[in-house]
Structure formats: C-alpha cells, structure tokens
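Colleague: Following this line is model_34.cif, made up of mmCIF, C-alpha atoms:
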data_model
loop_
_atom_site.group_PDB
_atom_site.id
_atom_site.type_symbol
_atom_site.label_atom_id
_atom_site.label_comp_id
_atom_site.auth_asym_id
_atom_site.auth_seq_id
_atom_site.Cartn_x
_atom_site.Cartn_y
_atom_site.Cartn_z
ATOM 1 C CA MET A 3 10.293 -20.800 50.510
ATOM 2 C CA ASN A 4 7.261 -22.908 49.547
ATOM 3 C CA TRP A 5 8.681 -24.843 46.613
ATOM 4 C CA PRO A 6 5.652 -27.106 46.039
ATOM 5 C CA ALA A 7 3.480 -23.994 45.581
ATOM 6 C CA ILE A 8 6.009 -22.442 43.198
ATOM 7 C CA PHE A 9 6.220 -25.647 41.153
ATOM 8 C CA LEU A 10 2.437 -25.933 41.094
ATOM 9 C CA GLY A 11 2.102 -22.339 39.875
ATOM 10 C CA CYS A 12 4.627 -22.977 37.104
ATOM 11 C CA PHE A 13 2.718 -26.085 36.068
ATOM 12 C CA VAL A 14 -0.676 -24.368 35.908
ATOM 13 C CA ILE A 15 0.599 -21.348 33.967
ATOM 14 C CA GLY A 16 2.722 -23.425 31.618
ATOM 15 C CA PHE A 17 0.036 -26.030 30.988
ATOM 16 C CA VAL A 18 -2.730 -23.521 30.221
ATOM 17 C CA LEU A 19 -0.634 -21.323 27.934
ATOM 18 C CA SER A 20 1.036 -24.325 26.293
ATOM 19 C CA ALA A 21 -2.358 -25.845 25.494
ATOM 20 C CA LEU A 22 -3.597 -22.542 24.048
ATOM 21 C CA SER A 23 -0.519 -22.026 21.867
ATOM 22 C CA PHE A 24 -0.495 -25.674 20.764
ATOM 23 C CA GLY A 25 -4.144 -25.439 19.768
ATOM 24 C CA ALA A 26 -3.554 -22.193 17.886
ATOM 25 C CA VAL A 27 -0.704 -23.745 15.897
ATOM 26 C CA ALA A 28 -2.721 -26.905 15.188
ATOM 27 C CA LEU A 29 -5.696 -24.894 13.907
ATOM 28 C CA HIS A 30 -3.439 -22.446 12.003
ATOM 29 C CA PHE A 31 -4.735 -19.439 13.896
ATOM 30 C CA PRO A 32 -2.571 -16.312 13.584
ATOM 31 C CA VAL A 33 -0.853 -16.008 16.946
ATOM 32 C CA HIS A 34 1.310 -13.038 17.817
ATOM 33 C CA LEU A 35 3.129 -13.957 21.006
ATOM 34 C CA PRO A 36 6.535 -12.988 22.370
ATOM 35 C CA PHE A 37 9.588 -15.162 21.867
ATOM 36 C CA ILE A 38 8.342 -16.665 18.604
ATOM 37 C CA HIS A 39 11.309 -16.848 16.278
ATOM 38 C CA HIS A 40 11.870 -18.342 12.871
ATOM 39 C CA VAL A 41 15.148 -19.450 11.381
ATOM 40 C CA HIS A 42 16.050 -19.070 7.739
ATOM 41 C CA VAL A 43 18.077 -21.980 6.425
ATOM 42 C CA PRO A 44 19.645 -21.606 3.006
ATOM 43 C CA HIS A 45 19.085 -24.443 0.582
ATOM 44 C CA ALA A 46 19.686 -25.114 -3.035
ATOM 45 C CA PRO A 47 16.439 -25.443 -4.990
ATOM 46 C CA PRO A 48 15.989 -28.143 -7.582
ATOM 47 C CA VAL A 49 16.424 -27.360 -11.259
ATOM 48 C CA GLY A 50 13.626 -25.085 -12.389
ATOM 49 C CA GLN A 51 12.741 -24.023 -8.852
ATOM 50 C CA VAL A 52 12.806 -20.388 -7.842
ATOM 51 C CA GLY A 53 14.930 -17.433 -8.806
ATOM 52 C CA HIS A 54 13.689 -13.909 -8.184
ATOM 53 C CA ALA A 55 13.826 -10.742 -10.208
ATOM 54 C CA GLY A 56 17.327 -9.404 -10.448
ATOM 55 C CA HIS A 57 18.645 -12.625 -8.946
ATOM 56 C CA ALA A 58 17.946 -15.219 -11.601
ATOM 57 C CA GLY A 59 20.323 -18.152 -11.247
ATOM 58 C CA HIS A 60 20.901 -17.766 -7.516
ATOM 59 C CA ALA A 61 22.226 -20.891 -5.897
ATOM 60 C CA GLY A 62 19.639 -20.944 -3.135
ATOM 61 C CA GLN A 63 16.633 -19.453 -1.514
ATOM 62 C CA GLY A 64 15.734 -19.003 2.144
ATOM 63 C CA SER A 65 13.133 -21.255 3.738
ATOM 64 C CA ALA A 66 11.293 -20.468 6.883
ATOM 65 C CA GLY A 67 11.088 -22.938 9.752
ATOM 66 C CA VAL A 68 10.229 -23.002 13.420
ATOM 67 C CA SER A 69 12.966 -22.267 15.945
ATOM 68 C CA PRO A 70 13.413 -24.403 19.077
ATOM 69 C CA LEU A 71 13.072 -21.177 21.097
ATOM 70 C CA ASN A 72 9.413 -20.218 20.753
ATOM 71 C CA PHE A 73 6.438 -19.562 22.997
ATOM 72 C CA ALA A 74 4.987 -23.073 22.781
ATOM 73 C CA THR A 75 8.224 -24.834 23.740
ATOM 74 C CA LEU A 76 8.908 -22.375 26.556
ATOM 75 C CA MET A 77 5.436 -22.982 28.006
ATOM 76 C CA ALA A 78 5.893 -26.748 27.612
ATOM 77 C CA PHE A 79 9.145 -26.447 29.565
ATOM 78 C CA LEU A 80 7.378 -24.484 32.305
ATOM 79 C CA ALA A 81 4.552 -27.036 32.559
ATOM 80 C CA TRP A 82 6.791 -30.088 32.708
ATOM 81 C CA PHE A 83 9.246 -28.337 35.022
ATOM 82 C CA GLY A 84 6.442 -27.377 37.404
ATOM 83 C CA GLY A 85 4.655 -30.716 37.258
ATOM 84 C CA THR A 86 7.822 -32.740 37.842
ATOM 85 C CA GLY A 87 8.995 -30.467 40.648
ATOM 86 C CA TYR A 88 5.614 -30.498 42.368
ATOM 87 C CA LEU A 89 5.409 -34.292 42.377
ATOM 88 C CA LEU A 90 8.963 -34.677 43.652
ATOM 89 C CA THR A 91 8.634 -32.151 46.476
ATOM 90 C CA SER A 92 5.055 -32.800 47.594
ATOM 91 C CA GLU A 93 4.569 -36.508 46.988
ATOM 92 C CA PHE A 94 8.085 -37.941 47.228
ATOM 93 C CA ARG A 95 9.522 -35.345 49.657
ATOM 94 C CA TRP A 96 12.708 -34.742 47.680
ATOM 95 C CA LEU A 97 15.165 -32.090 48.777
ATOM 96 C CA THR A 98 15.088 -28.792 46.895
ATOM 97 C CA MET A 99 18.257 -29.062 44.807
ATOM 98 C CA PRO A 100 17.713 -32.625 43.523
ATOM 99 C CA ALA A 101 14.099 -31.712 42.772
ATOM 100 C CA LEU A 102 15.143 -28.555 40.889
ATOM 101 C CA THR A 103 17.698 -30.482 38.848
ATOM 102 C CA THR A 104 15.303 -33.282 37.955
ATOM 103 C CA ALA A 105 12.488 -30.813 37.227
ATOM 104 C CA THR A 106 14.766 -28.910 34.839
ATOM 105 C CA VAL A 107 15.566 -32.131 32.982
ATOM 106 C CA GLY A 108 11.857 -32.908 32.842
ATOM 107 C CA GLY A 109 11.131 -29.428 31.498
ATOM 108 C CA LEU A 110 13.724 -29.793 28.756
ATOM 109 C CA ALA A 111 12.232 -33.149 27.798
ATOM 110 C CA GLY A 112 8.772 -31.611 27.568
ATOM 111 C CA ALA A 113 10.036 -28.731 25.445
ATOM 112 C CA ALA A 114 11.824 -31.196 23.152
ATOM 113 C CA VAL A 115 8.629 -33.201 22.672
ATOM 114 C CA MET A 116 6.660 -30.043 21.881
ATOM 115 C CA PHE A 117 9.288 -28.891 19.385
ATOM 116 C CA TRP A 118 9.301 -32.288 17.665
ATOM 117 C CA VAL A 119 5.521 -32.245 17.293
ATOM 118 C CA MET A 120 5.540 -28.682 15.968
ATOM 119 C CA SER A 121 8.379 -29.170 13.492
ATOM 120 C CA ARG A 122 7.453 -32.663 12.255
ATOM 121 C CA VAL A 123 3.670 -32.724 12.442
ATOM 122 C CA LEU A 124 2.087 -29.277 12.672
ATOM 123 C CA TRP A 125 4.401 -27.117 10.588
ATOM 124 C CA SER A 126 4.384 -27.546 6.815
ATOM 125 C CA PRO A 127 7.541 -26.653 4.831
ATOM 126 C CA ARG A 128 5.353 -24.058 3.097
ATOM 127 C CA GLU A 129 4.322 -22.329 6.331
ATOM 128 C CA ASN A 130 5.242 -18.699 6.856
ATOM 129 C CA MET A 131 6.517 -18.093 3.353
ATOM 130 C CA GLN A 132 8.096 -14.766 2.685
ATOM 131 C CA SER A 133 6.233 -12.466 0.283
ATOM 132 C CA ALA A 134 8.949 -13.048 -2.353
ATOM 133 C CA ASP A 135 8.043 -16.755 -2.404
ATOM 134 C CA PHE A 136 4.755 -15.886 -4.078
ATOM 135 C CA GLN A 137 6.293 -13.821 -6.865
ATOM 136 C CA MET A 138 6.467 -15.266 -10.323
ATOM 137 C CA VAL A 139 8.995 -12.768 -11.685
ATOM 138 C CA GLY A 140 12.368 -14.483 -11.907
ATOM 139 C CA MET A 141 10.892 -17.994 -11.825
ATOM 140 C CA LEU A 142 12.759 -20.601 -13.860
ATOM 141 C CA GLY A 143 10.830 -23.074 -15.959
ATOM 142 C CA ARG A 144 10.552 -24.901 -19.281
ATOM 143 C CA VAL A 145 8.257 -24.418 -22.215
ATOM 144 C CA SER A 146 5.910 -27.406 -22.366
ATOM 145 C CA GLN A 147 3.962 -26.147 -25.392
ATOM 146 C CA SER A 148 5.781 -24.070 -27.964
ATOM 147 C CA VAL A 149 5.135 -20.344 -27.903
ATOM 148 C CA ARG A 150 4.094 -19.224 -31.380
ATOM 149 C CA GLN A 151 5.346 -15.939 -32.779
ATOM 150 C CA GLY A 152 3.027 -13.283 -31.418
ATOM 151 C CA GLY A 153 0.979 -16.002 -29.749
ATOM 152 C CA MET A 154 0.754 -18.092 -26.616
ATOM 153 C CA GLY A 155 2.245 -21.285 -25.255
ATOM 154 C CA GLU A 156 2.561 -23.029 -21.918
ATOM 155 C CA LEU A 157 5.168 -22.824 -19.149
ATOM 156 C CA VAL A 158 5.878 -25.584 -16.633
ATOM 157 C CA TYR A 159 7.746 -24.774 -13.404
ATOM 158 C CA SER A 160 8.342 -26.197 -9.936
ATOM 159 C CA HIS A 161 7.350 -24.321 -6.811
ATOM 160 C CA GLY A 162 6.963 -25.473 -3.216
ATOM 161 C CA GLY A 163 7.853 -29.013 -4.210
ATOM 162 C CA ALA A 164 4.987 -29.236 -6.719
ATOM 163 C CA ARG A 165 4.754 -28.957 -10.478
ATOM 164 C CA HIS A 166 2.710 -26.068 -11.901
ATOM 165 C CA SER A 167 1.853 -24.735 -15.335
ATOM 166 C CA CYS A 168 0.506 -21.501 -16.758
ATOM 167 C CA GLY A 169 0.045 -19.726 -20.045
ATOM 168 C CA ALA A 170 3.099 -18.000 -21.461
ATOM 169 C CA ARG A 171 4.069 -15.504 -24.134
ATOM 170 C CA SER A 172 7.431 -14.347 -25.375
ATOM 171 C CA ALA A 173 8.805 -11.057 -24.076
ATOM 172 C CA ASP A 174 9.947 -10.007 -27.579
ATOM 173 C CA GLY A 175 6.993 -11.525 -29.419
ATOM 174 C CA GLY A 176 9.145 -14.195 -31.050
ATOM 175 C CA ALA A 177 8.643 -17.950 -31.043
ATOM 176 C CA ILE A 178 10.110 -20.146 -28.303
ATOM 177 C CA GLU A 179 10.460 -23.855 -28.927
ATOM 178 C CA LYS A 180 9.189 -26.587 -26.648
ATOM 179 C CA GLY A 181 11.720 -27.688 -24.029
ATOM 180 C CA GLN A 182 13.544 -24.328 -23.842
ATOM 181 C CA GLU A 183 14.597 -23.204 -20.344
ATOM 182 C CA VAL A 184 13.117 -19.784 -19.707
ATOM 183 C CA VAL A 185 12.823 -17.073 -17.051
ATOM 184 C CA VAL A 186 9.620 -15.237 -16.154
ATOM 185 C CA THR A 187 10.095 -11.492 -16.653
ATOM 186 C CA ALA A 188 6.494 -10.451 -15.951
ATOM 187 C CA TYR A 189 3.271 -12.051 -14.780
ATOM 188 C CA ASP A 190 -0.277 -10.797 -15.135
ATOM 189 C CA ARG A 191 -3.645 -12.532 -14.752
ATOM 190 C CA GLY A 192 -2.241 -16.022 -15.015
ATOM 191 C CA ILE A 193 -0.069 -15.320 -18.058
ATOM 192 C CA ALA A 194 3.715 -15.313 -17.761
ATOM 193 C CA THR A 195 5.950 -13.247 -20.004
ATOM 194 C CA ILE A 196 9.122 -15.238 -20.575
ATOM 195 C CA ARG A 197 12.602 -15.000 -22.035
ATOM 196 C CA ARG A 198 15.059 -17.740 -22.914
ATOM 197 C CA TRP A 199 17.580 -18.340 -20.147
ATOM 198 C CA ASP A 200 20.444 -18.347 -22.663
ATOM 199 C CA ASP A 201 19.352 -14.965 -24.064
ATOM 200 C CA LEU A 202 19.197 -13.486 -20.575
ATOM 201 C CA MET A 203 22.667 -14.743 -19.730
ATOM 202 C CA THR A 204 24.017 -13.361 -23.016
ATOM 203 C CA ASP A 205 22.573 -9.923 -22.262
ATOM 204 C CA GLU A 206 24.052 -9.897 -18.766
ATOM 205 C CA SER A 207 27.494 -10.904 -20.006
#
Take the structure in this file and express it as structure tokens.
Modeller:
Amino acid sequence: MNWPAIFLGCFVIGFVLSALSFGAVALHFPVHLPFIHHVHVPHAPPVGQVGHAGHAGHAGQGSAGVSPLNFATLMAFLAWFGGTGYLLTSEFRWLTMPALTTATVGGLAGAAVMFWVMSRVLWSPRENMQSADFQMVGMLGRVSQSVRQGGMGELVYSHGGARHSCGARSADGGAIEKGQEVVVTAYDRGIATIRRWDDLMTDES
C-alpha cells in the first residue's frame, strides 16, 4: 500500500476543504455542510434577562455554541494528519505504524487549533440564535420612565449582554411607577405592552 500517496491525498482534500469552511465561517457565509453540530448549554441569565411567553421566571435559557465535532475541525484533522504522515513516510522514511500514530496525534492537534480559533475568535456568543431569542413576549425588564394611566412610558431590559430600551404601555391601561419589574405580554412596532411581575405571579398563584 502506497502510504505516502494516501497521506498526500488526505492532506490535499483536508487542506482545501478546511480552508473553504474556515473562510466561510470567517466571512459569516451560510454554510450547510454535513457533520456541523451545535450544542445547547443551559445557563442562568442575569436579572432582567430573558423569559419567554408561558415561561416567565424560568431559571435559564439555552445558548447555542459550536461543537468540537464539525466540518471545519474534521477537515483540519484530515489536513494535519495527511501532512504529518506524508512528511514522516516520504522524507524521514518512518515505518507505517509509528507514522500513523504520530500523524493521528498531529491531526488531533490541528483539529484542536481550528476549534479554538472558531470558538474563541470567529464565533460570537450571539451566533446562531434560536428564533425564540428574538421574541420580546415574556421579556423581563424595569420601567425607566413611569407609564401614565392610558399613556406611555419606557421599558429597559437586558438582552444578549446589552442594555436596551423601548416604549411601553400598561396591559390594563393603568399607571406603572418607575422602577417596577415588569413582563412584556405583547410587542408591536417597537412598543411593549407590559404587566407588573408581582401582578402576574399573583394571577398564576
């Protein structure tokens, strides 16, 4: 069996496809390739973060991240595996088994480097949000400007690690004082309809 040719083929295929997938991720192109997986890690949001309709007060929300097993890391493994194996067998005349073992270690190192770059540099914590992450209904926040009876006020809330504000009106038309913790029950054209958190909890109990 011609191991140098096999290693060289692995290197060429892995290098070309790894470069293409790396470039697509870096430029934020939509890439639909096999073996791309995402993990959902539960976390507890900060006070005033996100709670969704029917689930207000949940302890946590899922966040999307990149899995170590994805197309880019697999292709990086193939490229480093092939390149290391080719050098060892063709240039240094290693025996097959030591070359295979060392090439596998080299491939794992290459995949680890690719994963580190993807997870730490190229992938934002806000990448690949689920559709529910963009919903305002169920959002927790505080009234920053009092809502007048039958009138408008302002809501401040945290989302995606940033502070946001929008216009707000009371769900029952009553006044809501500044500083009250509220829940968004509806959202339309930049205006949130809100209820006091305490009132919502009283109704549910």
Colleague: What does the distance from CA of Ala170 in chain A to CA of Met141 in chain A come to in Å, to one decimal?
Modeller: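 Distance reported for this atom pair: 12.4 Å.
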Colleague: Using the chain letters and numbers from this file, what does the PyMOL selection byres ((chain A and resi 196-199) around 7) select? Give the answer as an MDAnalysis selection string.
Modeller: chainID A and resid 170:173 182:187 194:195 200:203
Colleague: For a quick check of understanding, using all atoms listed in the file, which of A:His161, A:Met99, A:Val115, A:Ala177 has the smallest distance to Gly87 in chain A?
Modeller: A:Met99
Colleague: Can you list what the PyMOL selection byres ((chain A and resi 10-16) around 10) grabs from this structure, as number ranges by chain?
Modeller: A: 5-9, 17-22, 74-89, 92
Colleague: Could you check which of A:Val119, A:Ile178, A:Cys168, A:Leu97 is closest to Arg150 in chain A, using only C-alpha atoms?
Modeller: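 Looking only at the distances to Arg150 in chain A, the closest residue turns out to be A:Ile178.
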Colleague: Suppose you want the space between CA of Ser121 in chain A and CA of Asn72 in chain A; what is it in Å?
Modeller: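 Going from CA of Ser121 in chain A over to CA of Asn72 in chain A covers 11.6 Å.
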Colleague: If you measure from CA of His166 in chain A to CA of Val149 in chain A, what distance in Å do you get, rounded to one decimal?
Modeller: 17.2 Å
Colleague: Rank nothing, just name the residue among A:Ser23, A:Ser146, A:Asn4, A:Thr103 nearest to Glu179 in chain A, using only C-alpha atoms.
Modeller: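 Closest to Glu179 in chain A of all the choices is A:Ser146.
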Colleague: Which residue gives the smallest distance to Met138 in chain A among A:Asp174, A:Pro70, A:Ala188, A:Gly153, with all atoms listed in the file counted?
Modeller: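 Among the listed residues, the smallest separation from Met138 in chain A belongs to A:Ala188.
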Colleague: Restricting the calculation to all atoms listed in the file: of A:Ser69, A:Gln137, A:Thr91, A:Gln151, which residue gets closest to Ala114 in chain A?
Modeller: A:Ser69
Colleague: Using all atoms listed in the file, which residue out of A:Ala111, A:Glu93, A:Asp190, A:Val158 lies closest to Val139 in chain A?
Modeller: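 Of all the options, A:Asp190 lies closest to Val139 in chain A.
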Colleague: Would you output range 158-176 of chain A from that structure, restricted to N, CA, C and O atoms, as a compact mmCIF listing (two decimals), in the first residue's frame?
Modeller:
# COMPACT_ATOMS: atom_id res chain seq x y z
N VAL A 158 -36.77 49.33 30.17
CA VAL A 158 -35.36 48.99 30.00
C VAL A 158 -35.19 47.51 30.29
O VAL A 158 -35.72 47.00 31.29
N TYR A 159 -34.48 46.80 29.41
CA TYR A 159 -34.26 45.36 29.59
C TYR A 159 -32.89 44.98 29.07
O TYR A 159 -32.26 45.74 28.31
N SER A 160 -32.42 43.82 29.48
CA SER A 160 -31.13 43.30 29.04
C SER A 160 -31.35 42.15 28.08
O SER A 160 -32.19 41.28 28.33
N HIS A 161 -30.59 42.15 26.99
CA HIS A 161 -30.71 41.07 26.01
C HIS A 161 -29.39 40.92 25.28
O HIS A 161 -28.81 41.90 24.83
N GLY A 162 -28.89 39.68 25.20
CA GLY A 162 -27.63 39.43 24.52
C GLY A 162 -26.45 40.13 25.16
O GLY A 162 -25.50 40.48 24.48
N GLY A 163 -26.54 40.37 26.47
CA GLY A 163 -25.45 41.01 27.17
C GLY A 163 -25.42 42.52 27.02
O GLY A 163 -24.47 43.16 27.46
N ALA A 164 -26.46 43.10 26.41
CA ALA A 164 -26.51 44.55 26.21
C ALA A 164 -27.80 45.11 26.79
O ALA A 164 -28.79 44.40 26.96
N ARG A 165 -27.77 46.37 27.10
CA ARG A 165 -28.93 47.05 27.67
C ARG A 165 -29.72 47.71 26.55
O ARG A 165 -29.16 48.39 25.69
N HIS A 166 -31.05 47.51 26.57
CA HIS A 166 -31.92 48.06 25.53
C HIS A 166 -33.09 48.78 26.19
O HIS A 166 -33.41 48.55 27.36
N SER A 167 -33.75 49.62 25.41
CA SER A 167 -34.95 50.30 25.91
C SER A 167 -35.96 50.42 24.77
O SER A 167 -35.59 50.37 23.59
N CYS A 168 -37.21 50.54 25.14
CA CYS A 168 -38.27 50.72 24.16
C CYS A 168 -39.46 51.38 24.84
O CYS A 168 -39.54 51.44 26.08
N GLY A 169 -40.39 51.87 24.04
CA GLY A 169 -41.60 52.43 24.59
C GLY A 169 -42.45 51.34 25.21
O GLY A 169 -42.37 50.17 24.84
N ALA A 170 -43.27 51.73 26.19
CA ALA A 170 -44.07 50.74 26.89
C ALA A 170 -45.41 51.33 27.30
O ALA A 170 -45.53 52.53 27.56
N ARG A 171 -46.42 50.47 27.33
CA ARG A 171 -47.73 50.84 27.84
C ARG A 171 -48.26 49.71 28.70
O ARG A 171 -47.88 48.55 28.52
N SER A 172 -49.13 50.06 29.61
CA SER A 172 -49.67 49.08 30.54
C SER A 172 -50.71 48.19 29.85
O SER A 172 -51.52 48.67 29.04
N ALA A 173 -50.71 46.92 30.20
CA ALA A 173 -51.66 45.98 29.61
C ALA A 173 -53.10 46.30 30.02
O ALA A 173 -54.04 46.08 29.24
N ASP A 174 -53.31 46.82 31.22
CA ASP A 174 -54.67 47.14 31.69
C ASP A 174 -54.99 48.63 31.61
O ASP A 174 -56.04 49.08 32.07
N GLY A 175 -54.05 49.40 31.03
CA GLY A 175 -54.29 50.83 30.90
C GLY A 175 -53.98 51.64 32.13
O GLY A 175 -54.08 52.87 32.11
N GLY A 176 -53.59 50.98 33.22
CA GLY A 176 -53.28 51.68 34.46
C GLY A 176 -51.87 52.22 34.47
O GLY A 176 -51.06 51.95 33.58
